[in-house]
Amino acid sequence: MGNHVIIIGGGAAGMVAAISAKRQGARVMILERNSRVGKKILATGNGRCNFTNIHADAECYSGKNSKFVYTPLASFSVEDTLGFFEKLGIQHKVEDGGKVYPKSDQASSILDVLLYELERSSIKVVCDAFVTKLSKKGNKFMLQTDDGKSYEGDRVILATGGKAMPSSGSDGNGLDLAAQLGHNITDLFPALVQLMLEGSYFKRIDGVKFVGTAEIIHNNKSIVQDRGDILFTNYGISGPPVLQISRIAGELLSQNKKPQLKVVIMDDMDKEQVSDMIQKRIQLAPEKSIEFSFVGWINKRLIPVVLLEAGINSTKRPVSGLSLREIESIARILTDWRFSIRGTKSWPSAQITAGGIDTRQINADTMESKLVEGLYIAGEIIDIDGLCGGFNLQWAWTSGYIAGQNSAW
Ligand SMILES: Cc1cc2nc3c(=O)[nH]c(=O)nc-3n(C[C@H](O)[C@H](O)[C@H](O)COP(=O)(O)OP(=O)(O)OC[C@H]3O[C@@H](n4cnc5c(N)ncnc54)[C@H](O)[C@@H]3O)c2cc1C
């Protein structure tokens with residue numbers, strides 16, 4: 001009979017860790033605080049679970065030492081992940097940007113096959129078991145749950161997730177368990193998250209959508225940009241490109257720096273072309289009011305706010321009266337609208353945690369802690385976070401699989 005491996009946290013990383021430890025011959029138990037495992041998986045990929053990305057490599061990850069992912073990703077790769085899930089019954093399809101989904105388009109099917117495999121392998125899953133104490137005495141780990149029960153194991157895998165979406169059970173408490181055992185926790189901030197912007201007019205444009213570019217500017221330099229569906233909200237801005245670039249904004253804000261957001265509404269034209277287009281529209285119907293002259297080109301609800309930002313006071317006068325300077329000013333807003341970033345939305349809105357257990361204290365070959373022999377660490381709890389597009393689940397599968405494999409004998 002193999003050693004006894006206890007996994008704290010039945011999320012993506014914990015479940016795969018359990019399966020891989022069992023396959024190596026260990027006796028495995030998962031302790032999960034919720035009444036069921038894998039709750040967050042159901043919310044992923046808008047309910048479709050974007051469970052990996054065929055382009056996953058070290059470049060797609062951030063953290064104090066993001067190169068840490070290099071070795072684990074080579075040892076349990078995207079190919080290995082697709083093979084692992086295929087054997088469990090998941091056929092996959094690849095969509096734009098290399099995003100991989102189950103052919104069923106159901107996140108629940110990923111969870112279903114994992115649950116089936118846990119049961120088929122006789123892995124013990126204890127739910128409603130919130131681990132509040134973790135210590136090591138001699139060669140044994142002692143665990144206590146909040147209902148007063150105690151557990152003893154030869155190896156422990158800490159897979160309690162980060163702080164994003166705390167309603168899923170991952171609220172950062174596992175980071176405290178790690179810290180109590182001497183681990184360093186790097187600065188934490190929400191990532192893949194919406195941005196809150198300065199401005200009094202967001203209620204008026206709440207819900208306005210467009211395809212454009214969002215860019216983070218710091219010290220007048222462009223740091224990162226992305227293109228796609230952008231959405232104004234009553235607090236600021238959202239949409240896939242905004243989530244994608246939010247990490248760098250969060251990092252700069254956490255260092256008390258003041259990044260700006262540049263939004264390009266007309267990103268298929270330069271400023272001169274936009275000015276020319278405004279002039280053409282003026283020639284076409286010089287009698288129209290300034291405000292009405294943009295109808296059909298720009299979202300109606302956006303027009304008054306764009307004009308306000310461009311410094312155009314009276315918008316009811318005929319558009320023929322716009323000065324060249326005013327036209328340029330409107331063109332500037334449509335091609336380079338700058339906002340001060342008030343902050344990011346908080347943990348309940350974030351998809352991922354930036355920061356976590358310092359990777360310098362983890363062995364990249366095995367996922368074992370360098371401080372506590374026999375303690376393995378997997379998933380979002382580690383100071384590694386990926387771009388939006390399947391990279392974070394890939395990290396959970398990779399680190400979970402390796403931790404499970406190496407914890408067993
Ligand atoms: C809305 C949303 C959509 C997402 N979509 C995608 C996507 O499409 N693709 C992608 O790659 N990534 C996506 N992510 C990110 C991805 O879901 C996570 O990175 C991943 O689930 C992390 O896995 P994990 O196992 O490390 O942690 P989690 O999945 O958070 O699991 C941790 C588990 O530990 C349990 N736990 C915590 N503390 C304790 C304790 N003390 N005792 C016992 N149990 C405990 C929790 O209840 C939880 O079940 C999304 C995230 C969110 C919030």
# chains A, B, ... in the order shown; residues from 1 in each chain; ligands from 1

$ select_by_dssp --residues "range 119-275 of chain A" --states "strand (DSSP E)" --output "count of residues only"
60

$ residues_around --residues "Met142 in chain A" --least-positions-apart "3" --cutoff "8 Å" --atoms "only C-alpha atoms" --output "list in words"
Lys133, Leu134, Ser135, Lys136, Lys137, Ser150, Tyr151, Glu152 and Gly153 of chain A

$ write_last_selection --atoms "N, CA, C and O atoms" --output "PDB file, in the first residue's frame"
ATOM      1  N   LYS A 133      -5.809  24.309  10.117  1.00  0.00           N
ATOM      2  CA  LYS A 133      -4.455  24.180  10.685  1.00  0.00           C
ATOM      3  C   LYS A 133      -3.677  23.131   9.921  1.00  0.00           C
ATOM      4  O   LYS A 133      -4.201  22.053   9.624  1.00  0.00           O
ATOM      5  N   LEU A 134      -2.433  23.453   9.644  1.00  0.00           N
ATOM      6  CA  LEU A 134      -1.554  22.512   8.953  1.00  0.00           C
ATOM      7  C   LEU A 134      -0.185  22.606   9.618  1.00  0.00           C
ATOM      8  O   LEU A 134       0.399  23.682   9.726  1.00  0.00           O
ATOM      9  N   SER A 135       0.301  21.473  10.121  1.00  0.00           N
ATOM     10  CA  SER A 135       1.621  21.487  10.753  1.00  0.00           C
ATOM     11  C   SER A 135       2.315  20.170  10.462  1.00  0.00           C
ATOM     12  O   SER A 135       1.690  19.213   9.986  1.00  0.00           O
ATOM     13  N   LYS A 136       3.604  20.124  10.762  1.00  0.00           N
ATOM     14  CA  LYS A 136       4.347  18.887  10.522  1.00  0.00           C
ATOM     15  C   LYS A 136       5.002  18.448  11.825  1.00  0.00           C
ATOM     16  O   LYS A 136       5.634  19.257  12.514  1.00  0.00           O
ATOM     17  N   LYS A 137       4.773  17.146  12.161  1.00  0.00           N
ATOM     18  CA  LYS A 137       5.430  16.610  13.362  1.00  0.00           C
ATOM     19  C   LYS A 137       6.224  15.404  12.912  1.00  0.00           C
ATOM     20  O   LYS A 137       5.658  14.406  12.489  1.00  0.00           O
ATOM     21  N   SER A 150      -9.461  15.845  12.876  1.00  0.00           N
ATOM     22  CA  SER A 150      -8.021  15.870  12.582  1.00  0.00           C
ATOM     23  C   SER A 150      -7.699  14.804  11.553  1.00  0.00           C
ATOM     24  O   SER A 150      -8.353  13.753  11.508  1.00  0.00           O
ATOM     25  N   TYR A 151      -6.704  15.068  10.773  1.00  0.00           N
ATOM     26  CA  TYR A 151      -6.248  14.129   9.744  1.00  0.00           C
ATOM     27  C   TYR A 151      -4.726  14.076   9.804  1.00  0.00           C
ATOM     28  O   TYR A 151      -4.072  15.068  10.162  1.00  0.00           O
ATOM     29  N   GLU A 152      -4.193  12.906   9.419  1.00  0.00           N
ATOM     30  CA  GLU A 152      -2.742  12.747   9.430  1.00  0.00           C
ATOM     31  C   GLU A 152      -2.308  12.183   8.081  1.00  0.00           C
ATOM     32  O   GLU A 152      -2.915  11.226   7.580  1.00  0.00           O
ATOM     33  N   GLY A 153      -1.289  12.777   7.481  1.00  0.00           N
ATOM     34  CA  GLY A 153      -0.827  12.287   6.171  1.00  0.00           C
ATOM     35  C   GLY A 153       0.678  12.290   6.064  1.00  0.00           C
ATOM     36  O   GLY A 153       1.365  12.987   6.825  1.00  0.00           O
TER      37      GLY A 153
END

$ atom_distance --atom1 "CA of Pro304 in chain A" --atom2 "CA of Ser246 in chain A"
27.3 Å

$ select_by_dssp --residues "range 128-283 of chain A" --states "helix (DSSP H, G or I)" --output "PyMOL selection string"
chain A and resi 166-168+173-180+202-205+240-254+271-283

$ write_last_selection --atoms "C-alpha atoms" --output "PDB file, in the first residue's frame"
ATOM      1  CA  PRO A 166     -14.088  34.100  -3.187  1.00  0.00           C
ATOM      2  CA  SER A 167     -17.661  32.784  -3.476  1.00  0.00           C
ATOM      3  CA  SER A 168     -16.109  29.688  -5.094  1.00  0.00           C
ATOM      4  CA  ASN A 173      -6.898  31.388   3.375  1.00  0.00           C
ATOM      5  CA  GLY A 174      -4.496  28.769   1.991  1.00  0.00           C
ATOM      6  CA  LEU A 175      -1.898  31.493   1.607  1.00  0.00           C
ATOM      7  CA  ASP A 176      -2.048  31.974   5.380  1.00  0.00           C
ATOM      8  CA  LEU A 177      -1.448  28.242   5.890  1.00  0.00           C
ATOM      9  CA  ALA A 178       1.615  28.518   3.614  1.00  0.00           C
ATOM     10  CA  ALA A 179       2.837  31.664   5.363  1.00  0.00           C
ATOM     11  CA  GLN A 180       2.531  29.985   8.775  1.00  0.00           C
ATOM     12  CA  PHE A 202     -19.965  56.640 -16.980  1.00  0.00           C
ATOM     13  CA  LYS A 203     -23.594  56.127 -15.941  1.00  0.00           C
ATOM     14  CA  ARG A 204     -24.602  57.777 -19.237  1.00  0.00           C
ATOM     15  CA  ILE A 205     -22.562  55.367 -21.347  1.00  0.00           C
ATOM     16  CA  PRO A 240     -11.813  40.922 -23.056  1.00  0.00           C
ATOM     17  CA  PRO A 241      -9.040  43.347 -24.122  1.00  0.00           C
ATOM     18  CA  VAL A 242      -9.449  45.306 -20.891  1.00  0.00           C
ATOM     19  CA  LEU A 243      -9.209  42.126 -18.768  1.00  0.00           C
ATOM     20  CA  GLN A 244      -6.167  41.054 -20.756  1.00  0.00           C
ATOM     21  CA  ILE A 245      -4.247  44.275 -20.035  1.00  0.00           C
ATOM     22  CA  SER A 246      -5.561  44.736 -16.476  1.00  0.00           C
ATOM     23  CA  ARG A 247      -2.678  42.897 -14.792  1.00  0.00           C
ATOM     24  CA  ILE A 248      -0.121  45.571 -15.582  1.00  0.00           C
ATOM     25  CA  ALA A 249      -2.538  48.301 -14.432  1.00  0.00           C
ATOM     26  CA  GLY A 250      -3.069  46.416 -11.148  1.00  0.00           C
ATOM     27  CA  GLU A 251       0.659  46.004 -10.656  1.00  0.00           C
ATOM     28  CA  LEU A 252       1.412  49.700 -11.280  1.00  0.00           C
ATOM     29  CA  LEU A 253      -1.452  50.766  -8.993  1.00  0.00           C
ATOM     30  CA  SER A 254      -0.205  48.442  -6.238  1.00  0.00           C
ATOM     31  CA  LYS A 271      -6.471  60.818 -36.524  1.00  0.00           C
ATOM     32  CA  GLU A 272      -6.207  62.540 -39.927  1.00  0.00           C
ATOM     33  CA  GLN A 273      -8.545  60.031 -41.531  1.00  0.00           C
ATOM     34  CA  VAL A 274     -11.073  60.562 -38.731  1.00  0.00           C
ATOM     35  CA  SER A 275     -10.812  64.363 -39.225  1.00  0.00           C
ATOM     36  CA  ASP A 276     -11.382  63.878 -42.967  1.00  0.00           C
ATOM     37  CA  MET A 277     -14.409  61.711 -42.269  1.00  0.00           C
ATOM     38  CA  ILE A 278     -15.886  64.370 -39.973  1.00  0.00           C
ATOM     39  CA  GLN A 279     -15.336  67.005 -42.703  1.00  0.00           C
ATOM     40  CA  LYS A 280     -16.995  64.768 -45.306  1.00  0.00           C
ATOM     41  CA  ARG A 281     -20.009  64.273 -43.076  1.00  0.00           C
ATOM     42  CA  ILE A 282     -20.210  68.057 -42.546  1.00  0.00           C
ATOM     43  CA  GLN A 283     -20.212  68.636 -46.299  1.00  0.00           C
TER      44      GLN A 283
END

$ residues_around --residues "range 32-38 of chain A" --least-positions-apart "6" --cutoff "8 Å" --atoms "only C-alpha atoms" --output "NGL selection string"
:A and (8-12 or 15 or 111 or 125-131 or 169)

$ write_last_selection --atoms "all heavy atoms" --output "mmCIF file, in the first residue's frame"
data_model
loop_
_atom_site.group_PDB
_atom_site.id
_atom_site.type_symbol
_atom_site.label_atom_id
_atom_site.label_comp_id
_atom_site.auth_asym_id
_atom_site.auth_seq_id
_atom_site.Cartn_x
_atom_site.Cartn_y
_atom_site.Cartn_z
ATOM 1 N N ILE A 8 -5.312 19.499 0.014
ATOM 2 C CA ILE A 8 -6.194 20.535 0.564
ATOM 3 C C ILE A 8 -6.709 21.353 -0.612
ATOM 4 O O ILE A 8 -5.934 22.037 -1.289
ATOM 5 C CB ILE A 8 -5.458 21.446 1.566
ATOM 6 C CG1 ILE A 8 -4.662 20.618 2.582
ATOM 7 C CG2 ILE A 8 -6.454 22.367 2.265
ATOM 8 C CD1 ILE A 8 -3.880 21.463 3.587
ATOM 9 N N GLY A 9 -8.010 21.250 -0.866
ATOM 10 C CA GLY A 9 -8.624 22.005 -1.961
ATOM 11 C C GLY A 9 -8.958 21.118 -3.146
ATOM 12 O O GLY A 9 -8.072 20.560 -3.790
ATOM 13 N N GLY A 10 -10.255 20.978 -3.417
ATOM 14 C CA GLY A 10 -10.702 20.157 -4.545
ATOM 15 C C GLY A 10 -11.085 21.010 -5.728
ATOM 16 O O GLY A 10 -12.202 20.934 -6.242
ATOM 17 N N GLY A 11 -10.147 21.857 -6.179
ATOM 18 C CA GLY A 11 -10.359 22.634 -7.403
ATOM 19 C C GLY A 11 -9.690 21.914 -8.563
ATOM 20 O O GLY A 11 -9.415 20.702 -8.493
ATOM 21 N N ALA A 12 -9.416 22.674 -9.626
ATOM 22 C CA ALA A 12 -8.805 22.091 -10.823
ATOM 23 C C ALA A 12 -7.481 21.412 -10.482
ATOM 24 O O ALA A 12 -7.247 20.241 -10.831
ATOM 25 C CB ALA A 12 -8.592 23.194 -11.857
ATOM 26 N N MET A 15 -7.867 18.269 -7.923
ATOM 27 C CA MET A 15 -8.450 17.040 -8.482
ATOM 28 C C MET A 15 -7.453 16.307 -9.382
ATOM 29 O O MET A 15 -7.321 15.087 -9.303
ATOM 30 C CB MET A 15 -9.742 17.367 -9.249
ATOM 31 C CG MET A 15 -10.896 17.626 -8.298
ATOM 32 S SD MET A 15 -12.463 17.726 -9.169
ATOM 33 C CE MET A 15 -12.350 19.372 -9.774
ATOM 34 N N LEU A 111 -15.867 18.849 -15.426
ATOM 35 C CA LEU A 111 -16.021 18.465 -14.014
ATOM 36 C C LEU A 111 -16.567 17.036 -13.898
ATOM 37 O O LEU A 111 -16.088 16.239 -13.084
ATOM 38 C CB LEU A 111 -16.938 19.470 -13.296
ATOM 39 C CG LEU A 111 -17.185 19.202 -11.820
ATOM 40 C CD1 LEU A 111 -15.879 19.098 -11.032
ATOM 41 C CD2 LEU A 111 -18.069 20.292 -11.201
ATOM 42 N N VAL A 125 -13.015 11.667 -1.165
ATOM 43 C CA VAL A 125 -13.278 13.110 -1.206
ATOM 44 C C VAL A 125 -14.108 13.475 0.021
ATOM 45 O O VAL A 125 -15.212 12.967 0.199
ATOM 46 C CB VAL A 125 -14.047 13.495 -2.494
ATOM 47 C CG1 VAL A 125 -14.341 14.995 -2.510
ATOM 48 C CG2 VAL A 125 -13.262 13.096 -3.736
ATOM 49 N N VAL A 126 -13.531 14.326 0.866
ATOM 50 C CA VAL A 126 -14.271 14.761 2.060
ATOM 51 C C VAL A 126 -14.683 16.219 1.843
ATOM 52 O O VAL A 126 -13.828 17.100 1.753
ATOM 53 C CB VAL A 126 -13.413 14.634 3.343
ATOM 54 C CG1 VAL A 126 -14.227 14.984 4.581
ATOM 55 C CG2 VAL A 126 -12.813 13.237 3.454
ATOM 56 N N CYS A 127 -15.993 16.443 1.722
ATOM 57 C CA CYS A 127 -16.473 17.819 1.526
ATOM 58 C C CYS A 127 -16.850 18.434 2.873
ATOM 59 O O CYS A 127 -16.831 17.765 3.899
ATOM 60 C CB CYS A 127 -17.646 17.824 0.556
ATOM 61 S SG CYS A 127 -17.079 17.482 -1.123
ATOM 62 N N ASP A 128 -17.167 19.734 2.857
ATOM 63 C CA ASP A 128 -17.429 20.485 4.090
ATOM 64 C C ASP A 128 -16.282 20.310 5.081
ATOM 65 O O ASP A 128 -16.500 20.209 6.288
ATOM 66 C CB ASP A 128 -18.758 20.043 4.724
ATOM 67 C CG ASP A 128 -19.921 20.286 3.778
ATOM 68 O OD1 ASP A 128 -20.018 21.415 3.250
ATOM 69 O OD2 ASP A 128 -20.700 19.349 3.530
ATOM 70 N N ALA A 129 -15.083 20.253 4.563
ATOM 71 C CA ALA A 129 -13.892 20.070 5.403
ATOM 72 C C ALA A 129 -12.952 21.251 5.166
ATOM 73 O O ALA A 129 -12.154 21.247 4.219
ATOM 74 C CB ALA A 129 -13.200 18.753 5.060
ATOM 75 N N PHE A 130 -13.103 22.263 5.988
ATOM 76 C CA PHE A 130 -12.328 23.499 5.854
ATOM 77 C C PHE A 130 -11.066 23.368 6.709
ATOM 78 O O PHE A 130 -11.135 23.417 7.935
ATOM 79 C CB PHE A 130 -13.205 24.669 6.307
ATOM 80 C CG PHE A 130 -12.601 26.038 6.114
ATOM 81 C CD1 PHE A 130 -13.341 27.168 6.441
ATOM 82 C CD2 PHE A 130 -11.314 26.224 5.621
ATOM 83 C CE1 PHE A 130 -12.819 28.439 6.276
ATOM 84 C CE2 PHE A 130 -10.780 27.487 5.453
ATOM 85 C CZ PHE A 130 -11.537 28.590 5.782
ATOM 86 N N VAL A 131 -9.932 23.188 6.059
ATOM 87 C CA VAL A 131 -8.675 23.001 6.795
ATOM 88 C C VAL A 131 -8.230 24.342 7.382
ATOM 89 O O VAL A 131 -8.028 25.318 6.649
ATOM 90 C CB VAL A 131 -7.573 22.421 5.873
ATOM 91 C CG1 VAL A 131 -6.257 22.296 6.630
ATOM 92 C CG2 VAL A 131 -8.015 21.068 5.320
ATOM 93 N N GLY A 169 -15.016 29.573 -2.915
ATOM 94 C CA GLY A 169 -14.304 28.884 -1.836
ATOM 95 C C GLY A 169 -12.843 29.277 -1.753
ATOM 96 O O GLY A 169 -12.172 29.018 -0.765
#

$ atom_distance --atom1 "CA of Leu308 in chain A" --atom2 "CA of Met196 in chain A"
19.8 Å

$ atom_distance --atom1 "CA of Thr359 in chain A" --atom2 "CA of Tyr70 in chain A"
12.1 Å

$ closest_residue --among "A:Ala396, A:Ala21, A:Cys388, A:Val224" --to "Gly45 in chain A" --atoms "only C-alpha atoms"
A:Cys388

$ residues_around --residues "Trp397 in chain A" --least-positions-apart "5" --cutoff "8 Å" --atoms "only C-alpha atoms" --output "list in words"
Ala12, Ala13, Val16, Ala17, Thr81 and Gly379 of chain A

$ closest_residue --among "A:Ala214, A:Ile237, A:Ala58, A:Leu31" --to "ligand 1" --atoms "only C-alpha atoms and all ligand atoms"
A:Leu31

$ closest_residue --among "A:Lys39, A:Lys163, A:Lys22, A:Arg48" --to "Gly389 in chain A" --atoms "only C-alpha atoms"
A:Arg48

$ residues_around --residues "Val156 in chain A" --least-positions-apart "5" --cutoff "10 Å" --atoms "only C-alpha atoms" --output "tab-separated table (two decimals) with N, CA and C atoms, in the first residue's frame"
chain	number	residue	atom	x	y	z
A	4	HIS	N	0.23	7.98	2.28
A	4	HIS	CA	-1.04	8.70	2.37
A	4	HIS	C	-0.85	10.16	1.99
A	5	VAL	N	-1.48	10.54	0.88
A	5	VAL	CA	-1.37	11.92	0.39
A	5	VAL	C	-2.69	12.64	0.65
A	6	ILE	N	-2.60	13.76	1.34
A	6	ILE	CA	-3.81	14.57	1.58
A	6	ILE	C	-3.73	15.84	0.74
A	7	ILE	N	-4.80	16.11	0.02
A	7	ILE	CA	-4.84	17.30	-0.83
A	7	ILE	C	-5.81	18.30	-0.21
A	8	ILE	N	-5.31	19.50	0.01
A	8	ILE	CA	-6.19	20.53	0.56
A	8	ILE	C	-6.71	21.35	-0.61
A	28	VAL	N	-5.10	8.35	-1.45
A	28	VAL	CA	-5.31	9.80	-1.63
A	28	VAL	C	-6.63	10.26	-1.02
A	29	MET	N	-6.57	11.41	-0.38
A	29	MET	CA	-7.78	12.02	0.17
A	29	MET	C	-7.80	13.50	-0.17
A	30	ILE	N	-8.97	13.98	-0.62
A	30	ILE	CA	-9.12	15.43	-0.87
A	30	ILE	C	-9.96	16.01	0.26
A	134	LEU	N	-2.43	23.45	9.64
A	134	LEU	CA	-1.55	22.51	8.95
A	134	LEU	C	-0.18	22.61	9.62
A	136	LYS	N	3.60	20.12	10.76
A	136	LYS	CA	4.35	18.89	10.52
A	136	LYS	C	5.00	18.45	11.82
A	140	LYS	N	5.28	13.30	9.70
A	140	LYS	CA	3.83	13.32	9.44
A	140	LYS	C	3.28	14.75	9.41
A	141	PHE	N	2.29	14.94	8.57
A	141	PHE	CA	1.56	16.20	8.55
A	141	PHE	C	0.28	16.05	9.37
A	142	MET	N	-0.02	17.05	10.17
A	142	MET	CA	-1.25	17.06	10.97
A	142	MET	C	-2.15	18.17	10.43
A	143	LEU	N	-3.39	17.80	10.15
A	143	LEU	CA	-4.34	18.79	9.62
A	143	LEU	C	-5.57	18.83	10.51
A	368	GLU	N	7.53	20.54	-4.99
A	368	GLU	CA	7.68	20.41	-3.54
A	368	GLU	C	8.23	21.73	-2.97
A	373	GLU	N	9.73	19.76	3.74
A	373	GLU	CA	9.84	18.52	2.99
A	373	GLU	C	8.49	17.78	3.02
A	374	GLY	N	8.05	17.31	1.86
A	374	GLY	CA	6.80	16.55	1.82
A	374	GLY	C	5.57	17.40	1.57
A	375	LEU	N	5.74	18.73	1.55
A	375	LEU	CA	4.62	19.63	1.23
A	375	LEU	C	4.75	20.05	-0.23
A	376	TYR	N	3.69	19.81	-0.99
A	376	TYR	CA	3.68	20.15	-2.42
A	376	TYR	C	2.66	21.26	-2.63
A	377	ILE	N	2.89	22.04	-3.67
A	377	ILE	CA	2.03	23.23	-3.88
A	377	ILE	C	1.59	23.24	-5.34
A	403	ALA	N	2.68	17.79	-8.98
A	403	ALA	CA	2.67	17.66	-7.51
A	403	ALA	C	2.17	16.27	-7.11
A	404	GLY	N	1.10	15.82	-7.76
A	404	GLY	CA	0.54	14.50	-7.43
A	404	GLY	C	1.53	13.39	-7.70
A	407	SER	N	4.41	13.40	-5.18
A	407	SER	CA	4.10	13.24	-3.76
A	407	SER	C	3.89	11.76	-3.40

$ closest_residue --among "A:Ala164, A:Ala285, A:Leu197, A:Leu261" --to "Asn234 in chain A" --atoms "only C-alpha atoms"
A:Leu197

$ closest_residue --among "A:Ala364, A:Ile223, A:Ala107, A:Ile303" --to "ligand 1" --atoms "only C-alpha atoms and all ligand atoms"
A:Ala107

$ closest_residue --among "A:Ser77, A:Ser222, A:Thr145, A:Ser62" --to "ligand 1" --atoms "only C-alpha atoms and all ligand atoms"
A:Thr145

$ residues_around --residues "Trp337 in chain A" --least-positions-apart "3" --cutoff "9 Å" --atoms "only C-alpha atoms" --output "list in words"
Leu261, Lys262, Val263, Val264, Ile265, Val306, Glu309, Arg332, Ile333 and Leu334 of chain A

$ decode --residues "range 65-71 of chain A" --atoms "all heavy atoms" --output "tab-separated table (two decimals), in the first residue's frame"
chain	number	residue	atom	x	y	z
A	65	ASN	N	8.82	35.62	-10.85
A	65	ASN	CA	9.77	34.83	-11.63
A	65	ASN	C	8.97	33.91	-12.55
A	65	ASN	O	8.83	32.72	-12.30
A	65	ASN	CB	10.67	34.03	-10.67
A	65	ASN	CG	11.46	32.98	-11.40
A	65	ASN	OD1	11.80	33.15	-12.58
A	65	ASN	ND2	11.75	31.88	-10.72
A	66	SER	N	8.45	34.51	-13.63
A	66	SER	CA	7.51	33.75	-14.47
A	66	SER	C	8.19	32.62	-15.24
A	66	SER	O	7.53	31.69	-15.69
A	66	SER	CB	6.78	34.69	-15.42
A	66	SER	OG	7.72	35.36	-16.22
A	67	LYS	N	9.52	32.70	-15.36
A	67	LYS	CA	10.26	31.63	-16.06
A	67	LYS	C	10.14	30.31	-15.31
A	67	LYS	O	10.46	29.25	-15.85
A	67	LYS	CB	11.75	32.01	-16.21
A	67	LYS	CG	11.98	33.25	-17.04
A	67	LYS	CD	11.88	32.95	-18.54
A	67	LYS	CE	11.91	34.18	-19.40
A	67	LYS	NZ	10.65	34.91	-19.50
A	68	PHE	N	9.69	30.36	-14.08
A	68	PHE	CA	9.48	29.16	-13.27
A	68	PHE	C	8.61	28.14	-14.00
A	68	PHE	O	8.79	26.94	-13.84
A	68	PHE	CB	8.80	29.58	-11.95
A	68	PHE	CG	8.47	28.43	-11.04
A	68	PHE	CD1	9.42	27.88	-10.19
A	68	PHE	CD2	7.19	27.88	-11.01
A	68	PHE	CE1	9.12	26.82	-9.35
A	68	PHE	CE2	6.87	26.83	-10.17
A	68	PHE	CZ	7.85	26.30	-9.35
A	69	VAL	N	7.67	28.62	-14.81
A	69	VAL	CA	6.71	27.69	-15.45
A	69	VAL	C	7.37	26.83	-16.53
A	69	VAL	O	6.81	25.83	-16.96
A	69	VAL	CB	5.50	28.41	-16.10
A	69	VAL	CG1	4.74	29.24	-15.10
A	69	VAL	CG2	5.94	29.29	-17.27
A	70	TYR	N	8.54	27.25	-16.97
A	70	TYR	CA	9.19	26.59	-18.11
A	70	TYR	C	9.34	25.08	-17.89
A	70	TYR	O	8.92	24.27	-18.73
A	70	TYR	CB	10.56	27.26	-18.32
A	70	TYR	CG	11.20	26.85	-19.62
A	70	TYR	CD1	10.88	27.48	-20.82
A	70	TYR	CD2	12.14	25.82	-19.64
A	70	TYR	CE1	11.46	27.08	-22.01
A	70	TYR	CE2	12.73	25.43	-20.83
A	70	TYR	CZ	12.38	26.06	-22.00
A	70	TYR	OH	12.95	25.66	-23.17
A	71	THR	N	9.94	24.69	-16.77
A	71	THR	CA	10.18	23.25	-16.51
A	71	THR	C	8.87	22.48	-16.34
A	71	THR	O	8.66	21.46	-17.01
A	71	THR	CB	11.08	23.10	-15.26
A	71	THR	OG1	12.26	23.85	-15.50
A	71	THR	CG2	11.44	21.66	-14.98
